[in-house]
file entry.cif (mmCIF, C-alpha atoms)
data_coords
#
loop_
_atom_site.label_atom_id
_atom_site.label_comp_id
_atom_site.auth_asym_id
_atom_site.auth_seq_id
_atom_site.Cartn_x
_atom_site.Cartn_y
_atom_site.Cartn_z
CA MET A 1 -5.53 16.28 16.13
CA VAL A 2 -5.21 12.53 16.70
CA CYS A 3 -2.71 10.43 14.75
CA PRO A 4 -4.44 7.73 12.63
CA ARG A 5 -1.97 5.13 13.92
CA LEU A 6 -3.00 5.98 17.50
CA LEU A 7 -6.63 5.47 16.59
CA LEU A 8 -5.74 2.19 14.91
CA LEU A 9 -3.94 1.11 18.08
CA VAL A 10 -6.97 1.97 20.23
CA THR A 11 -9.28 0.12 17.83
CA ALA A 12 -6.94 -2.86 17.83
CA MET A 13 -7.00 -2.99 21.61
CA LEU A 14 -10.79 -2.82 21.67
CA TYR A 15 -11.18 -5.57 19.09
CA GLY A 16 -8.39 -7.76 20.44
CA THR A 17 -5.89 -7.51 17.57
CA GLU A 18 -3.06 -7.71 20.11
CA SER A 19 -4.27 -11.18 21.18
CA PHE A 20 -2.70 -12.92 18.17
CA ASP A 21 0.70 -13.03 16.54
CA PRO A 22 0.59 -12.65 12.72
CA LEU A 23 3.77 -14.72 12.57
CA THR A 24 1.89 -17.77 13.89
CA ALA A 25 -1.87 -17.15 13.63
CA THR A 26 -3.97 -18.82 10.93
CA LEU A 27 -6.14 -16.85 8.50
CA ARG A 28 -9.61 -17.50 7.18
CA LYS A 29 -11.34 -15.68 4.34
CA SER A 30 -14.18 -13.56 5.70
CA PHE A 31 -15.52 -11.48 2.79
CA GLU A 32 -15.10 -10.45 -0.84
CA VAL A 33 -15.97 -7.08 -2.38
CA PRO A 34 -18.08 -7.41 -5.57
CA PHE A 35 -16.59 -5.98 -8.77
CA PRO A 36 -19.20 -5.67 -11.53
CA GLU A 37 -16.52 -4.26 -13.87
CA ASN A 38 -14.81 -7.66 -14.07
CA GLY A 39 -14.95 -8.94 -17.64
CA THR A 40 -15.70 -5.52 -19.14
CA ALA A 41 -12.20 -4.00 -19.08
CA ASP A 42 -8.68 -4.50 -17.73
CA ILE A 43 -8.69 -3.63 -14.01
CA VAL A 44 -5.70 -3.04 -11.73
CA ILE A 45 -5.78 -2.07 -8.04
CA HIS A 46 -2.62 -0.27 -6.93
CA SER A 47 -3.58 0.58 -3.35
CA LEU A 48 -5.94 -0.16 -0.46
CA LEU A 49 -6.57 1.71 2.79
CA VAL A 50 -8.76 1.12 5.86
CA THR A 51 -9.99 4.27 7.63
CA ASN A 52 -10.73 4.93 11.29
CA ASN A 53 -14.49 4.77 10.60
CA ASN A 54 -14.20 1.21 9.25
CA LYS A 55 -14.29 1.99 5.55
CA LEU A 56 -12.17 0.39 2.85
CA VAL A 57 -10.81 2.76 0.21
CA ILE A 58 -9.80 1.21 -3.13
CA GLY A 59 -7.74 2.88 -5.84
CA GLN A 60 -8.95 1.29 -9.07
CA GLU A 61 -7.52 1.63 -12.57
CA VAL A 62 -10.13 0.68 -15.16
CA GLY A 63 -8.80 0.59 -18.71
CA GLY A 64 -10.95 2.60 -21.09
CA LEU A 65 -13.81 3.14 -18.62
CA GLY A 66 -12.40 5.80 -16.30
CA ASN A 67 -10.45 5.36 -13.09
CA LYS A 68 -12.15 5.33 -9.69
CA ILE A 69 -11.81 5.62 -5.96
CA LYS A 70 -14.20 3.12 -4.38
CA VAL A 71 -15.27 3.35 -0.74
CA VAL A 72 -16.81 0.27 0.86
CA SER A 73 -18.21 0.04 4.36
CA LEU A 74 -16.72 -2.96 6.16
CA ASP A 75 -20.01 -3.17 8.07
CA ASN A 76 -22.13 -3.36 4.91
CA PHE A 77 -20.47 -4.65 1.75
CA ASP A 78 -23.44 -3.69 -0.40
CA GLU A 79 -22.73 -0.05 0.40
CA VAL A 80 -20.22 0.86 -2.33
CA LYS A 81 -19.60 4.53 -3.17
CA GLU A 82 -17.42 5.84 -5.99
CA ILE A 83 -15.54 8.91 -7.17
CA ASP A 84 -14.81 8.90 -10.90
CA LEU A 85 -11.34 10.34 -11.57
CA GLY A 86 -11.61 10.20 -15.35
CA ALA A 87 -9.41 8.44 -17.89
CA SER A 88 -6.23 10.45 -17.30
CA ARG A 89 -5.85 10.13 -13.50
CA ILE A 90 -4.73 6.68 -12.32
CA PRO A 91 -4.93 6.31 -8.50
CA PHE A 92 -1.62 4.93 -7.31
CA ASP A 93 -0.89 5.33 -3.58
CA MET A 94 -2.92 6.47 -0.56
CA ALA A 95 -2.35 7.67 3.00
CA LEU A 96 -4.64 8.32 5.94
CA LEU A 97 -3.88 11.80 7.30
CA SER A 98 -4.14 13.12 10.85
CA ASP A 99 -7.61 14.63 10.34
CA GLY A 100 -9.06 11.52 8.71
CA LEU A 101 -8.73 12.73 5.12
CA VAL A 102 -7.33 10.29 2.55
CA ALA A 103 -4.49 11.56 0.36
CA VAL A 104 -4.47 9.95 -3.11
CA SER A 105 -1.60 10.25 -5.56
CA CYS A 106 -2.02 9.47 -9.25
CA LYS A 107 0.40 8.20 -11.86
CA TYR A 108 1.87 10.87 -14.15
CA SER A 109 0.11 13.62 -12.19
CA GLN A 110 1.56 16.27 -9.91
CA GLU A 111 -1.71 16.66 -8.01
CA ILE A 112 -2.47 14.79 -4.79
CA SER A 113 -6.21 14.68 -4.05
CA LEU A 114 -7.62 14.92 -0.52
CA ILE A 115 -10.77 12.83 -0.11
CA ASP A 116 -13.24 13.12 2.75
CA VAL A 117 -14.79 9.72 3.54
CA SER A 118 -16.45 10.72 6.82
CA GLY A 119 -19.93 11.15 5.32
CA SER A 120 -22.26 8.86 3.42
CA ASP A 121 -20.65 9.82 0.10
CA PRO A 122 -16.92 10.42 -0.46
CA VAL A 123 -16.00 13.86 -1.79
CA ILE A 124 -12.79 15.47 -3.01
CA SER A 125 -12.27 18.21 -0.45
CA GLY A 126 -8.96 19.67 -1.63
CA LYS A 127 -5.64 19.04 -3.31
CA ILE A 128 -1.91 19.38 -2.78
CA LEU A 129 0.47 20.36 -5.57
CA PRO A 130 4.04 19.24 -4.79
CA PRO A 131 6.75 21.40 -6.40
CA ARG A 132 8.24 18.40 -8.16
CA LYS A 133 6.38 16.59 -10.92
CA TYR A 134 6.68 12.91 -10.12
CA VAL A 135 6.03 10.06 -12.51
CA GLU A 136 4.85 7.95 -9.57
CA THR A 137 4.33 9.23 -6.02
CA ALA A 138 4.20 7.32 -2.74
CA VAL A 139 2.38 9.11 0.09
CA SER A 140 2.43 8.62 3.88
CA GLU A 141 1.07 10.54 6.85
CA GLY A 142 3.53 12.92 8.49
CA THR A 143 3.45 14.73 11.82
CA GLY A 144 0.41 16.96 12.36
CA ASP A 145 -0.68 18.40 9.00
CA GLU A 146 2.42 17.24 7.18
CA LEU A 147 2.54 14.72 4.32
CA ILE A 148 5.52 12.60 3.33
CA VAL A 149 5.90 12.10 -0.41
CA ALA A 150 8.42 9.89 -2.18
CA GLY A 151 8.70 9.62 -5.93
CA TRP A 152 10.80 9.87 -9.02
CA THR A 153 10.82 12.46 -11.76
CA TYR A 154 11.18 12.37 -15.52
CA GLN A 155 14.86 13.20 -14.94
CA ARG A 156 15.07 9.74 -13.29
CA LYS A 157 15.91 11.11 -9.86
CA GLY A 158 14.29 9.85 -6.67
CA TYR A 159 13.20 12.11 -3.81
CA VAL A 160 11.66 11.90 -0.35
CA ASP A 161 10.12 15.19 0.85
CA VAL A 162 8.04 16.36 3.80
CA LEU A 163 5.29 18.69 2.53
CA SER A 164 2.84 21.09 4.10
CA ARG A 165 -0.84 20.96 3.13
CA GLN A 166 -0.09 23.93 0.87
CA GLY A 167 2.46 21.84 -1.07
CA ASP A 168 5.58 23.57 0.27
CA VAL A 169 8.66 21.45 0.95
CA ILE A 170 9.30 21.62 4.69
CA ARG A 171 12.27 19.28 4.59
CA ASP A 172 14.20 17.22 2.04
CA ILE A 173 14.91 13.72 3.35
CA GLN A 174 16.42 12.31 0.14
CA GLU A 175 17.46 14.23 -2.98
CA ASN A 176 18.71 13.17 -6.42
CA TRP A 177 18.51 9.47 -5.64
CA ASP A 178 20.12 7.79 -8.64
CA GLU A 179 18.56 4.62 -10.05
CA VAL A 180 16.16 4.23 -7.10
CA TYR A 181 12.50 4.85 -7.94
CA PRO A 182 10.10 4.95 -4.95
CA GLU A 183 6.62 3.54 -5.61
CA HIS A 184 4.76 2.85 -2.33
CA SER A 185 5.49 3.81 1.26
CA VAL A 186 4.56 2.80 4.81
CA ARG A 187 5.43 4.89 7.84
CA TYR A 188 5.82 3.50 11.35
CA GLY A 189 7.10 5.83 14.06
CA SER A 190 10.24 7.59 12.85
CA ASP A 191 10.90 5.13 10.00
CA LEU A 192 9.65 5.16 6.41
CA TYR A 193 9.56 1.88 4.49
CA LEU A 194 9.67 2.31 0.71
CA SER A 195 8.95 -0.29 -1.93
CA VAL A 196 11.08 0.77 -4.90
CA THR A 197 12.34 -0.16 -8.32
CA ASP A 198 16.09 -0.31 -7.82
CA LEU A 199 17.92 -0.42 -11.14
CA ASN A 200 21.08 -1.47 -9.31
CA ASP A 201 19.21 -4.63 -8.20
CA GLU A 202 20.28 -4.04 -4.61
CA ARG A 203 17.02 -4.19 -2.64
CA PRO A 204 13.32 -3.69 -3.30
CA LEU A 205 12.56 -2.36 0.20
CA TYR A 206 14.27 0.64 1.78
CA ARG A 207 14.09 1.69 5.42
CA ILE A 208 14.68 5.42 5.88
CA GLU A 209 15.14 7.22 9.18
CA LEU A 210 12.93 10.28 8.87
CA ASP A 211 14.90 12.28 11.44
CA THR A 212 18.26 11.83 9.72
CA GLY A 213 17.50 10.67 6.17
CA ARG A 214 19.82 7.72 6.76
CA SER A 215 19.12 4.50 4.87
CA ILE A 216 19.14 1.40 7.09
CA SER A 217 19.80 -1.92 5.37
CA LYS A 218 18.19 -4.13 8.04
CA ILE A 219 14.89 -4.76 9.79
CA GLY A 220 15.92 -6.53 12.98
CA THR A 221 18.11 -9.40 11.82
CA LEU A 222 16.73 -9.32 8.24
CA ASP A 223 19.22 -8.02 5.69
CA LEU A 224 17.16 -6.20 3.05
CA TYR A 225 19.78 -7.04 0.41
CA ALA A 226 18.61 -10.66 0.75
CA LEU A 227 15.32 -9.59 -0.88
CA SER A 228 16.96 -8.22 -4.03
CA ALA A 229 15.16 -10.65 -6.36
CA ASP A 230 11.70 -9.71 -5.06
CA LYS A 231 9.23 -7.06 -6.23
CA PHE A 232 7.36 -5.29 -3.41
CA PHE A 233 3.99 -3.65 -4.07
CA GLN A 234 1.77 -1.63 -1.73
CA GLY A 235 1.80 -2.51 1.97
CA ASP A 236 0.68 -1.52 5.45
CA VAL A 237 1.72 -1.77 9.10
CA ASP A 238 -0.14 -2.83 12.24
CA SER A 239 -0.01 -1.30 15.70
CA ALA A 240 2.83 -3.62 16.76
CA GLY A 241 5.07 -2.59 13.85
CA ASN A 242 4.58 -5.73 11.74
CA LEU A 243 4.88 -4.86 8.04
CA TYR A 244 2.57 -6.44 5.44
CA PHE A 245 3.42 -6.32 1.72
CA ALA A 246 2.15 -7.73 -1.53
CA VAL A 247 5.21 -9.40 -3.07
CA ASN A 248 6.23 -11.16 -6.26
CA GLY A 249 9.45 -13.11 -5.99
CA PRO A 250 11.40 -16.06 -4.59
CA THR A 251 10.93 -15.05 -0.93
CA CYS A 252 7.32 -16.20 -1.39
CA PHE A 253 8.65 -19.77 -1.37
CA ASN A 254 9.90 -19.25 2.19
CA GLY A 255 8.48 -21.99 4.43
CA ALA A 256 5.76 -22.91 1.93
CA ASP A 257 3.07 -25.01 3.61
CA GLU A 258 0.91 -25.41 0.52
CA ALA A 259 1.41 -25.47 -3.25
CA PRO A 260 3.99 -22.68 -3.46
CA SER A 261 3.71 -19.62 -5.65
CA ALA A 262 6.09 -16.73 -6.29
CA ARG A 263 3.16 -14.37 -5.61
CA CYS A 264 2.16 -13.80 -2.03
CA VAL A 265 1.49 -11.55 0.95
CA LEU A 266 4.43 -11.34 3.36
CA VAL A 267 4.55 -10.17 6.96
CA ILE A 268 7.86 -8.88 8.34
CA ALA A 269 8.14 -8.60 12.12
CA PRO A 270 10.21 -5.83 13.78
CA ASP A 271 12.80 -8.46 14.74
CA GLY A 272 13.22 -9.47 11.07
CA ARG A 273 11.24 -12.71 11.03
CA ILE A 274 9.29 -13.33 7.80
CA ARG A 275 6.14 -15.30 7.21
CA VAL A 276 4.18 -15.92 4.02
CA LEU A 277 0.57 -15.20 4.99
CA LEU A 278 -1.17 -15.91 1.69
CA TYR A 279 -0.24 -17.37 -1.69
CA GLY A 280 -1.50 -16.46 -5.12
CA ARG A 281 -2.38 -20.16 -5.57
CA ASN A 282 -1.56 -20.16 -9.28
CA LEU A 283 0.46 -18.32 -11.91
CA TYR A 284 -2.46 -16.09 -12.86
CA ARG A 285 -3.22 -14.61 -9.42
CA MET A 286 -0.95 -11.90 -7.97
CA ALA A 287 -1.32 -9.74 -4.85
CA THR A 288 -1.00 -6.03 -5.67
CA ALA A 289 -2.04 -4.29 -2.43
CA VAL A 290 -2.71 -5.07 1.24
CA ALA A 291 -4.31 -3.12 4.09
CA VAL A 292 -4.52 -3.96 7.80
CA THR A 293 -7.87 -4.14 9.63
CA PRO A 294 -8.38 -4.44 13.40
CA THR A 295 -8.78 -8.22 13.03
CA GLY A 296 -6.83 -9.18 9.90
CA VAL A 297 -5.96 -7.96 6.41
CA VAL A 298 -7.62 -7.01 3.12
CA VAL A 299 -5.80 -8.07 -0.07
CA ALA A 300 -6.23 -7.00 -3.68
CA TRP A 301 -5.50 -9.80 -6.15
CA GLN A 302 -4.93 -9.27 -9.86
CA ILE A 303 -6.10 -12.18 -11.98
CA GLU A 304 -4.29 -12.21 -15.29
CA PRO A 305 -5.87 -13.08 -18.64
CA TRP A 306 -5.86 -16.79 -19.33
CA GLY A 307 -7.16 -16.91 -22.89
CA PRO A 308 -7.86 -14.87 -26.04
CA GLY A 309 -10.25 -11.98 -25.42
CA SER A 310 -10.06 -12.22 -21.63
CA THR A 311 -9.19 -9.24 -19.41
CA TYR A 312 -7.37 -8.53 -16.17
CA HIS A 313 -9.81 -9.21 -13.33
CA VAL A 314 -9.49 -8.25 -9.68
CA ALA A 315 -10.59 -9.71 -6.38
CA VAL A 316 -10.56 -7.82 -3.09
CA GLU A 317 -10.80 -10.25 -0.19
CA GLY A 318 -10.81 -9.86 3.58
CA TYR A 319 -9.13 -12.33 5.93
CA GLU A 320 -9.32 -12.65 9.71
CA PHE A 321 -6.78 -14.14 12.07
CA GLU A 322 -8.28 -17.13 13.88
CA SER A 323 -5.73 -18.08 16.53
CA ARG A 324 -6.17 -16.17 19.78
#

call {"tool": "encode", "arguments": {"input": "entry.cif", "output": "structure tokens"}}
result
Amino acid sequence: MVCPRLLLLVTAMLYGTESFDPLTATLRKSFEVPFPENGTADIVIHSLLVTNNNKLVIGQEVGGLGNKIKVVSLDNFDEVKEIDLGASRIPFDMALLSDGLVAVSCKYSQEISLIDVSGSDPVISGKILPPRKYVETAVSEGTGDELIVAGWTYQRKGYVDVLSRQGDVIRDIQENWDEVYPEHSVRYGSDLYLSVTDLNDERPLYRIELDTGRSISKIGTLDLYALSADKFFQGDVDSAGNLYFAVNGPTCFNGADEAPSARCVLVIAPDGRIRVLLYGRNLYRMATAVAVTPTGVVVAWQIEPWGPGSTYHVAVEGYEFESR
């Protein structure tokens, strides 16, 4: 089996992703996914994922109308396929596994769905039942058939486990984590990056060594405690190890070159340098998820109600790096 990150690296080399530096390159908007549900109900997108066959997978919470997984071809934006998860299953985090399946966790649900997006229509091909019942579960690809899950339980304990496809715990990486609630995860090499709710207000982003379970408080020269006032949402990583996150907090004012906003998309380089890639532009527009493509990023924006009777809207937009 071929690791999805290896395939992403090969794709990046073919398309020239390595020819720009996300810390300096400029971005231009290249597309927007249509959302006919806008205006009919409150919509929230918790996660995005780009597959090896150039499809965008969207985890969409639709208040009162049923929650969905949308699959959009990045070659044909009119080609939108859906899986209806029903009212009780809220898609929360996603991971691309070694065989190309997409693992989807749901809020308040123990079950992790495996979705096959290789054909013309996405189908649920299986499920994994972790032994712990998490309130929220972050998922990442492991080695081979393994899956890394991080979450917190109703007993308010955080965990990071390596699971088999049968749901068995192969290894505990973190157990009984007090006051630290994992929400979304990104794996790069032997490190796991967790966006968390930390009730001790220490840091919103944890770096965990998968081999040892040790928590590392720095990325390069960046002290993660310096980000304690920020809220990190779902993110992704490119083939060079640059981390991309949707963020809400004061770090979004860092080096502002336009009308600043506390809502943005950040990139963190392996050496610890930070750059604000995109701003929310106003108080009503907040990034909630980001996924890396071979030539740029896709961002989910949540547009908050601005008047009586209005609803939460979403926009999913693609951006390409221009500088070569």

call {"tool": "closest_residue", "arguments": {"input": "entry.cif", "among": "A:Ser185, A:Ser164, A:Gln174, A:Ser190", "to": "Gly144 in chain A", "atoms": "only C-alpha atoms"}}
result
A:Ser164

call {"tool": "resolve_selection", "arguments": {"input": "entry.cif", "expression": "the PyMOL selection byres ((chain A and resi 270-275) around 7)", "output": "list in words"}}
result
Leu23, Ile219, Gly220, Thr221, Leu222, Gly241, Asn242, Leu266, Val267, Ile268, Ala269, Val276 and Leu277 of chain A

call {"tool": "residues_around", "arguments": {"input": "entry.cif", "residues": "range 227-230 of chain A", "least_positions_apart": "6", "cutoff": "8 Å", "atoms": "only C-alpha atoms", "output": "list of chain:residue names"}}
result
A:Asp201, A:Glu202, A:Arg203, A:Pro204, A:Leu205, A:Val247, A:Asn248, A:Gly249, A:Pro250, A:Thr251

call {"tool": "resolve_selection", "arguments": {"input": "entry.cif", "expression": "the PyMOL selection byres ((chain A and resi 102) around 9)", "output": "short mmCIF file (atom, residue, chain, number, x, y, z; two decimals) with C-alpha atoms, in the frame of the given file"}}
result
data_model
loop_
_atom_site.label_atom_id
_atom_site.label_comp_id
_atom_site.auth_asym_id
_atom_site.auth_seq_id
_atom_site.Cartn_x
_atom_site.Cartn_y
_atom_site.Cartn_z
CA LEU A 49 -6.57 1.71 2.79
CA THR A 51 -9.99 4.27 7.63
CA VAL A 57 -10.81 2.76 0.21
CA MET A 94 -2.92 6.47 -0.56
CA ALA A 95 -2.35 7.67 3.00
CA LEU A 96 -4.64 8.32 5.94
CA LEU A 97 -3.88 11.80 7.30
CA ASP A 99 -7.61 14.63 10.34
CA GLY A 100 -9.06 11.52 8.71
CA LEU A 101 -8.73 12.73 5.12
CA ALA A 103 -4.49 11.56 0.36
CA VAL A 104 -4.47 9.95 -3.11
CA SER A 113 -6.21 14.68 -4.05
CA LEU A 114 -7.62 14.92 -0.52
CA ILE A 115 -10.77 12.83 -0.11
CA ASP A 116 -13.24 13.12 2.75
CA VAL A 117 -14.79 9.72 3.54
#

call {"tool": "closest_residue", "arguments": {"input": "entry.cif", "among": "A:Pro182, A:Val316, A:Phe253, A:Arg171", "to": "Leu199 in chain A", "atoms": "all atoms listed in the file"}}
result
A:Pro182

call {"tool": "resolve_selection", "arguments": {"input": "entry.cif", "expression": "the PyMOL selection byres ((chain A and resi 195) around 6)", "output": "ChimeraX atom specification"}}
result
/A:183-184,194,196,204-205,232

call {"tool": "atom_distance", "arguments": {"input": "entry.cif", "atom1": "CA of Phe245 in chain A", "atom2": "CA of Asp93 in chain A"}}
result
13.5 Å

call {"tool": "closest_residue", "arguments": {"input": "entry.cif", "among": "A:Asn38, A:Ser98, A:Ser118, A:Gln110", "to": "Ser73 in chain A", "atoms": "only C-alpha atoms"}}
result
A:Ser118

call {"tool": "residues_around", "arguments": {"input": "entry.cif", "residues": "range 291-301 of chain A", "least_positions_apart": "3", "cutoff": "6 Å", "atoms": "all atoms listed in the file", "output": "PyMOL selection string"}}
result
chain A and resi 12+17+48-49+236+286-288+314-321

call {"tool": "residues_around", "arguments": {"input": "entry.cif", "residues": "Lys133 in chain A", "least_positions_apart": "6", "cutoff": "10 Å", "atoms": "only C-alpha atoms", "output": "VMD selection string"}}
result
chain A and resid 108 to 111 151 to 155

call {"tool": "residues_around", "arguments": {"input": "entry.cif", "residues": "Arg165 in chain A", "least_positions_apart": "2", "cutoff": "8 Å", "atoms": "all atoms listed in the file", "output": "MDAnalysis selection string"}}
result
chainID A and resid 128 145:147 163 167:168

call {"tool": "atom_distance", "arguments": {"input": "entry.cif", "atom1": "CA of Tyr134 in chain A", "atom2": "CA of Ser105 in chain A"}}
result
9.8 Å
